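J.: Can you read through this structure? Questions will come right after.
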Amino acid sequence: MKFVKMHGLGNDFVFFEDKNGSGKDFSQLAVQLCDRHTGIGADGIIVIVPSDKADVRMRIINADGSEAEMCGNGIRCFAKYVYDHQIIDKKQFTIETLAGIMKPEVIIGNDGKVSLVTINMGKPFTDRALIPMNGPAGPVVDEPINIDGTVYKITSLLMGVPHTMTYMRDVDTVDLPVLGPKFETNPLFPRKTNMNFIQVVDNKTIKVRTWERGAGATLACGTGSCACAVGSYLNGFTGRSVDVNLYLGTLHIEYNEEDGNVYMTGPAAVSFEGEWMDE
Ligand SMILES: N[C@@H](CCC[C@H](N)C(=O)O)C(=O)O
């Protein structure tokens with residue numbers, strides 16, 4: 001099976017095509033491929049599938065084998081993959097995901113290939129009454145949660161996938177592998193949650209560290225960056241236009257006042273290509 005290893009600011013994925021749209025359960029394969037010692041190593045796998053609702057369809061399966069509804073860094077890489085491989089021949093197109101239809105616009109670099117992608121990520125679900133449509137994601141703004149005797153004020157919203165956030169003075173002090181899973185699997189979140197720790201730098205800039213549902217600590221999270229930008233606006237810490245500083249760079253997020261959609265702009269890159277020999 002031919003694959004391409006790609007990443008968005010270090011959030012990395014194994015890409016391959018399922019040209020017939022087999023609808024297969026790729027859980028086991030995802031666990032195998034994502035293993036950083038015995039596999040290719042990645043935070044998830046992304047499958048390119050034909051669509052009858054959009055120009056093309058994306059499936060994202062986390063490193064633990066769970067299928068997610070959406071992936072922000074993954075979808076920028078996906079847009080690069082389908083444009084650079086000439087599966088799509090226009091700069092603006094549509095991608096079907098389990099969280100709805102997303103609309104990317106690709107920006108071409110000096111090498112003639114996609115270097116940056118802006119995605120219209122749609123509207124965040126911040127209304128508690130709407131969230132149960134996709135399964136409850138948790139409370140909305142500023143609720144207290146007790147983790148091992150410490151009370152954290154959290155904000156939760158659905159940005160394709162469930163996200164929760166809390167604010168810290170210095171996010172580099174957070175022990176992600178210890179604290180992350182305690183939020184992810186807290187009974188308050190029946191579908192689990194991605195957990196984001198935010199440091200407000202100024203009213204246009206935040207720094208974010210994320211523990212992902214099904215993938216653990218990652219170097220960046222696209223839907224998480226969008227959720228944190230929206231949450232920071234709703235909590236009054238920033239305006240609608242926010243730079244999100246991550247370990248390897250920055251994503252620009254715009255929570256548009258006119259249409260209520262969230263626009264994410266950032267890079268997408270290829271690491272290497274290869275062939276996985278099935279046992
Ligand atoms: N890394 C992603 C999110 C991938 C899905 C997530 N782990 C989940 O299960 O909700 C991103 O960039 O958005």
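Here, A, B, ... name the chains of the structure tokens in the order displayed, residue numbers run from 1 inside each chain, and ligands are numbered from 1 in the same displayed order.
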Ligand 1: which residues are within 9 Å, counting only C-alpha atoms and all ligand atoms, as a PyMOL selection string?
T.: chain A and resi 8+11-12+43-44+60-63+66-76+159-163+192-194+211-216+218-226
J.: Compile a residue-level contact table for region 69-154 of chain A against region 166-184 of chain A at a cut-off of 8 Å, reporting for every qualifying residue the shortest atom pair and its distance in Å to one decimal, with only C-alpha atoms counted, rows ordered by chain and ascending number, as a Markdown table.
T.:
```
| residue | atom | partner | partner_atom | distance |
| --- | --- | --- | --- | --- |
| A:Ile147 | CA | A:Lys182 | CA | 7.1 |
| A:Tyr152 | CA | A:Thr166 | CA | 6.8 |
| A:Lys153 | CA | A:Thr166 | CA | 6.1 |
| A:Ile154 | CA | A:Thr166 | CA | 4.9 |
```
J.: For the selection just defined, write its residues with N, CA and C atoms to a file, as an mmCIF file, in the first residue's frame.
T.:
```cif
data_model
loop_
_atom_site.group_PDB
_atom_site.id
_atom_site.type_symbol
_atom_site.label_atom_id
_atom_site.label_comp_id
_atom_site.auth_asym_id
_atom_site.auth_seq_id
_atom_site.Cartn_x
_atom_site.Cartn_y
_atom_site.Cartn_z
ATOM 1 N N ILE A 147 -10.291 18.453 39.295
ATOM 2 C CA ILE A 147 -9.394 17.361 38.886
ATOM 3 C C ILE A 147 -8.361 17.186 40.001
ATOM 4 N N TYR A 152 -10.553 23.753 38.028
ATOM 5 C CA TYR A 152 -10.229 24.458 36.779
ATOM 6 C C TYR A 152 -11.517 25.042 36.227
ATOM 7 N N LYS A 153 -11.447 26.292 35.734
ATOM 8 C CA LYS A 153 -12.603 26.850 35.032
ATOM 9 C C LYS A 153 -12.449 26.467 33.571
ATOM 10 N N ILE A 154 -13.464 25.833 33.016
ATOM 11 C CA ILE A 154 -13.327 25.370 31.634
ATOM 12 C C ILE A 154 -14.380 25.977 30.718
#
```
J.: One number please: CA of Val270 (chain A) to CA of Ile107 (chain A), in Å, one decimal.
T.: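 These two atoms are separated by 15.3 Å.
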J.: Can you pull out every residue within 6 Å of region 248-264 of chain A, counting only C-alpha atoms, but drop anything in the same chain fewer than 2 positions away, and send it as an mmCIF file with N, CA and C atoms, in the first residue's frame?
T.:
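Generated file (selection14.cif):
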```cif
data_model
loop_
_atom_site.group_PDB
_atom_site.id
_atom_site.type_symbol
_atom_site.label_atom_id
_atom_site.label_comp_id
_atom_site.auth_asym_id
_atom_site.auth_seq_id
_atom_site.Cartn_x
_atom_site.Cartn_y
_atom_site.Cartn_z
ATOM 1 N N LEU A 9 2.280 21.632 11.019
ATOM 2 C CA LEU A 9 2.977 22.113 12.225
ATOM 3 C C LEU A 9 3.301 20.969 13.196
ATOM 4 N N THR A 118 -6.190 27.898 3.497
ATOM 5 C CA THR A 118 -7.212 28.495 4.370
ATOM 6 C C THR A 118 -8.437 27.588 4.290
ATOM 7 N N ILE A 119 -8.957 27.238 5.455
ATOM 8 C CA ILE A 119 -10.160 26.379 5.473
ATOM 9 C C ILE A 119 -11.300 27.139 6.155
ATOM 10 N N ASN A 120 -12.446 27.134 5.489
ATOM 11 C CA ASN A 120 -13.664 27.560 6.166
ATOM 12 C C ASN A 120 -14.144 26.358 6.979
ATOM 13 N N MET A 121 -13.968 26.455 8.300
ATOM 14 C CA MET A 121 -14.242 25.325 9.197
ATOM 15 C C MET A 121 -15.699 25.287 9.647
ATOM 16 N N GLY A 122 -16.509 26.216 9.139
ATOM 17 C CA GLY A 122 -17.916 26.250 9.542
ATOM 18 C C GLY A 122 -18.087 26.940 10.882
ATOM 19 N N LYS A 123 -19.270 26.738 11.455
ATOM 20 C CA LYS A 123 -19.612 27.446 12.705
ATOM 21 C C LYS A 123 -19.306 26.585 13.920
ATOM 22 N N ARG A 240 -11.612 38.868 17.420
ATOM 23 C CA ARG A 240 -12.020 37.740 16.577
ATOM 24 C C ARG A 240 -10.887 37.209 15.702
ATOM 25 N N SER A 241 -9.787 37.958 15.623
ATOM 26 C CA SER A 241 -8.676 37.574 14.765
ATOM 27 C C SER A 241 -7.485 37.231 15.654
ATOM 28 N N VAL A 242 -7.066 35.974 15.630
ATOM 29 C CA VAL A 242 -6.108 35.508 16.632
ATOM 30 C C VAL A 242 -4.986 34.678 15.988
ATOM 31 N N ASP A 243 -3.743 34.953 16.418
ATOM 32 C CA ASP A 243 -2.627 34.070 16.072
ATOM 33 C C ASP A 243 -2.471 33.063 17.197
ATOM 34 N N VAL A 244 -2.423 31.784 16.828
ATOM 35 C CA VAL A 244 -2.272 30.739 17.840
ATOM 36 C C VAL A 244 -0.853 30.184 17.744
ATOM 37 N N ASN A 245 -0.057 30.432 18.780
ATOM 38 C CA ASN A 245 1.333 29.959 18.783
ATOM 39 C C ASN A 245 1.393 28.526 19.291
ATOM 40 N N LEU A 246 2.016 27.668 18.469
ATOM 41 C CA LEU A 246 2.127 26.244 18.784
ATOM 42 C C LEU A 246 3.619 25.905 18.836
ATOM 43 N N GLY A 266 -2.952 28.088 7.565
ATOM 44 C CA GLY A 266 -1.675 27.553 8.048
ATOM 45 C C GLY A 266 -1.024 26.656 7.018
#
```
J.: Taking the DSSP secondary structure from the backbone, can you list the residues of region 24-119 of chain A that are helix (DSSP H, G or I), as a ChimeraX atom specification?
T.: /A:27-34,72-84
J.: How far is it from CA of Met165 (chain A) to CA of Gly231 (chain A), in Å with one decimal?
T.: 7.8 Å
J.: Can you list every residue in region 202-263 of chain A that DSSP puts in strand (DSSP E), as a ChimeraX atom specification?
T.: /A:202,205-212,216-218,241-246,249-255,262-263
J.: Would you export the selected residues with N, CA and C atoms as an mmCIF file, in the first residue's frame, please?
T.:
```cif
data_model
loop_
_atom_site.group_PDB
_atom_site.id
_atom_site.type_symbol
_atom_site.label_atom_id
_atom_site.label_comp_id
_atom_site.auth_asym_id
_atom_site.auth_seq_id
_atom_site.Cartn_x
_atom_site.Cartn_y
_atom_site.Cartn_z
ATOM 1 N N ASP A 202 -1.541 38.378 24.217
ATOM 2 C CA ASP A 202 -2.173 39.703 24.147
ATOM 3 C C ASP A 202 -3.529 39.522 23.470
ATOM 4 N N THR A 205 -3.136 37.326 20.352
ATOM 5 C CA THR A 205 -2.217 36.173 20.350
ATOM 6 C C THR A 205 -2.439 35.281 21.565
ATOM 7 N N ILE A 206 -2.520 33.959 21.295
ATOM 8 C CA ILE A 206 -2.559 33.006 22.405
ATOM 9 C C ILE A 206 -1.548 31.892 22.127
ATOM 10 N N LYS A 207 -1.138 31.229 23.192
ATOM 11 C CA LYS A 207 -0.219 30.090 23.058
ATOM 12 C C LYS A 207 -0.992 28.877 23.554
ATOM 13 N N VAL A 208 -0.950 27.789 22.812
ATOM 14 C CA VAL A 208 -1.812 26.642 23.151
ATOM 15 C C VAL A 208 -1.017 25.333 23.188
ATOM 16 N N ARG A 209 -1.331 24.506 24.164
ATOM 17 C CA ARG A 209 -0.804 23.135 24.250
ATOM 18 C C ARG A 209 -2.013 22.206 24.335
ATOM 19 N N THR A 210 -2.015 21.152 23.523
ATOM 20 C CA THR A 210 -3.219 20.301 23.452
ATOM 21 C C THR A 210 -2.921 18.838 23.763
ATOM 22 N N TRP A 211 -3.852 18.268 24.520
ATOM 23 C CA TRP A 211 -3.900 16.808 24.694
ATOM 24 C C TRP A 211 -5.081 16.333 23.864
ATOM 25 N N GLU A 212 -4.827 15.484 22.864
ATOM 26 C CA GLU A 212 -5.911 15.091 21.959
ATOM 27 C C GLU A 212 -6.586 13.782 22.350
ATOM 28 N N GLY A 216 -3.324 11.604 22.216
ATOM 29 C CA GLY A 216 -2.389 12.056 23.249
ATOM 30 C C GLY A 216 -1.852 13.453 22.977
ATOM 31 N N ALA A 217 -0.657 13.739 23.502
ATOM 32 C CA ALA A 217 -0.059 15.071 23.326
ATOM 33 C C ALA A 217 0.421 15.190 21.884
ATOM 34 N N THR A 218 -0.050 16.222 21.195
ATOM 35 C CA THR A 218 0.405 16.443 19.819
ATOM 36 C C THR A 218 1.109 17.801 19.746
ATOM 37 N N SER A 241 -9.787 37.958 15.623
ATOM 38 C CA SER A 241 -8.676 37.574 14.765
ATOM 39 C C SER A 241 -7.485 37.231 15.654
ATOM 40 N N VAL A 242 -7.066 35.974 15.630
ATOM 41 C CA VAL A 242 -6.108 35.508 16.632
ATOM 42 C C VAL A 242 -4.986 34.678 15.988
ATOM 43 N N ASP A 243 -3.743 34.953 16.418
ATOM 44 C CA ASP A 243 -2.627 34.070 16.072
ATOM 45 C C ASP A 243 -2.471 33.063 17.197
ATOM 46 N N VAL A 244 -2.423 31.784 16.828
ATOM 47 C CA VAL A 244 -2.272 30.739 17.840
ATOM 48 C C VAL A 244 -0.853 30.184 17.744
ATOM 49 N N ASN A 245 -0.057 30.432 18.780
ATOM 50 C CA ASN A 245 1.333 29.959 18.783
ATOM 51 C C ASN A 245 1.393 28.526 19.291
ATOM 52 N N LEU A 246 2.016 27.668 18.469
ATOM 53 C CA LEU A 246 2.127 26.244 18.784
ATOM 54 C C LEU A 246 3.619 25.905 18.836
ATOM 55 N N GLY A 249 5.193 26.624 15.215
ATOM 56 C CA GLY A 249 4.780 27.767 14.388
ATOM 57 C C GLY A 249 3.410 28.265 14.791
ATOM 58 N N THR A 250 2.792 28.987 13.870
ATOM 59 C CA THR A 250 1.565 29.726 14.208
ATOM 60 C C THR A 250 0.445 29.422 13.212
ATOM 61 N N LEU A 251 -0.766 29.304 13.730
ATOM 62 C CA LEU A 251 -1.955 29.235 12.876
ATOM 63 C C LEU A 251 -2.714 30.544 13.034
ATOM 64 N N HIS A 252 -3.227 31.050 11.926
ATOM 65 C CA HIS A 252 -4.043 32.259 12.037
ATOM 66 C C HIS A 252 -5.524 31.875 11.980
ATOM 67 N N ILE A 253 -6.276 32.348 12.971
ATOM 68 C CA ILE A 253 -7.706 32.003 13.051
ATOM 69 C C ILE A 253 -8.539 33.283 13.037
ATOM 70 N N GLU A 254 -9.581 33.227 12.235
ATOM 71 C CA GLU A 254 -10.499 34.365 12.080
ATOM 72 C C GLU A 254 -11.908 33.869 12.403
ATOM 73 N N TYR A 255 -12.520 34.423 13.446
ATOM 74 C CA TYR A 255 -13.909 34.072 13.759
ATOM 75 C C TYR A 255 -14.750 35.181 13.146
ATOM 76 N N VAL A 262 -15.625 30.038 11.082
ATOM 77 C CA VAL A 262 -14.242 30.123 11.559
ATOM 78 C C VAL A 262 -13.318 29.774 10.393
ATOM 79 N N TYR A 263 -12.344 30.655 10.134
ATOM 80 C CA TYR A 263 -11.393 30.440 9.027
ATOM 81 C C TYR A 263 -10.009 30.196 9.623
#
```
J.: If you count only C-alpha atoms, which residues fall within 10 Å of Ser115 (chain A), apart from same-chain ones fewer than 2 positions away, as a PyMOL selection string?
T.: chain A and resi 76-77+80+106-113+117+266-270
J.: What does the file look like for those residues with C-alpha atoms, as a PDB file, in the first residue's frame?
T.:
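Everything below was put into out15.pdb:
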```pdb
ATOM      1  CA  ARG A  76      -5.001  21.332   5.350  1.00  0.00           C
ATOM      2  CA  CYS A  77      -2.680  18.424   4.486  1.00  0.00           C
ATOM      3  CA  LYS A  80      -2.550  19.837  -0.351  1.00  0.00           C
ATOM      4  CA  VAL A 106      -5.167  26.447  -1.445  1.00  0.00           C
ATOM      5  CA  ILE A 107      -2.286  28.889  -1.860  1.00  0.00           C
ATOM      6  CA  ILE A 108       0.481  27.825  -4.204  1.00  0.00           C
ATOM      7  CA  GLY A 109       4.184  28.193  -3.327  1.00  0.00           C
ATOM      8  CA  ASN A 110       7.202  28.887  -5.588  1.00  0.00           C
ATOM      9  CA  ASP A 111       7.567  25.156  -6.360  1.00  0.00           C
ATOM     10  CA  GLY A 112       4.051  25.117  -7.901  1.00  0.00           C
ATOM     11  CA  LYS A 113       2.732  23.042  -4.994  1.00  0.00           C
ATOM     12  CA  VAL A 117      -4.284  26.466   3.060  1.00  0.00           C
ATOM     13  CA  GLY A 266      -1.675  27.553   8.048  1.00  0.00           C
ATOM     14  CA  PRO A 267       0.946  25.388   6.368  1.00  0.00           C
ATOM     15  CA  ALA A 268       0.806  21.796   5.147  1.00  0.00           C
ATOM     16  CA  ALA A 269       3.905  19.763   4.298  1.00  0.00           C
ATOM     17  CA  VAL A 270       5.049  16.371   2.999  1.00  0.00           C
TER      18      VAL A 270
END
```
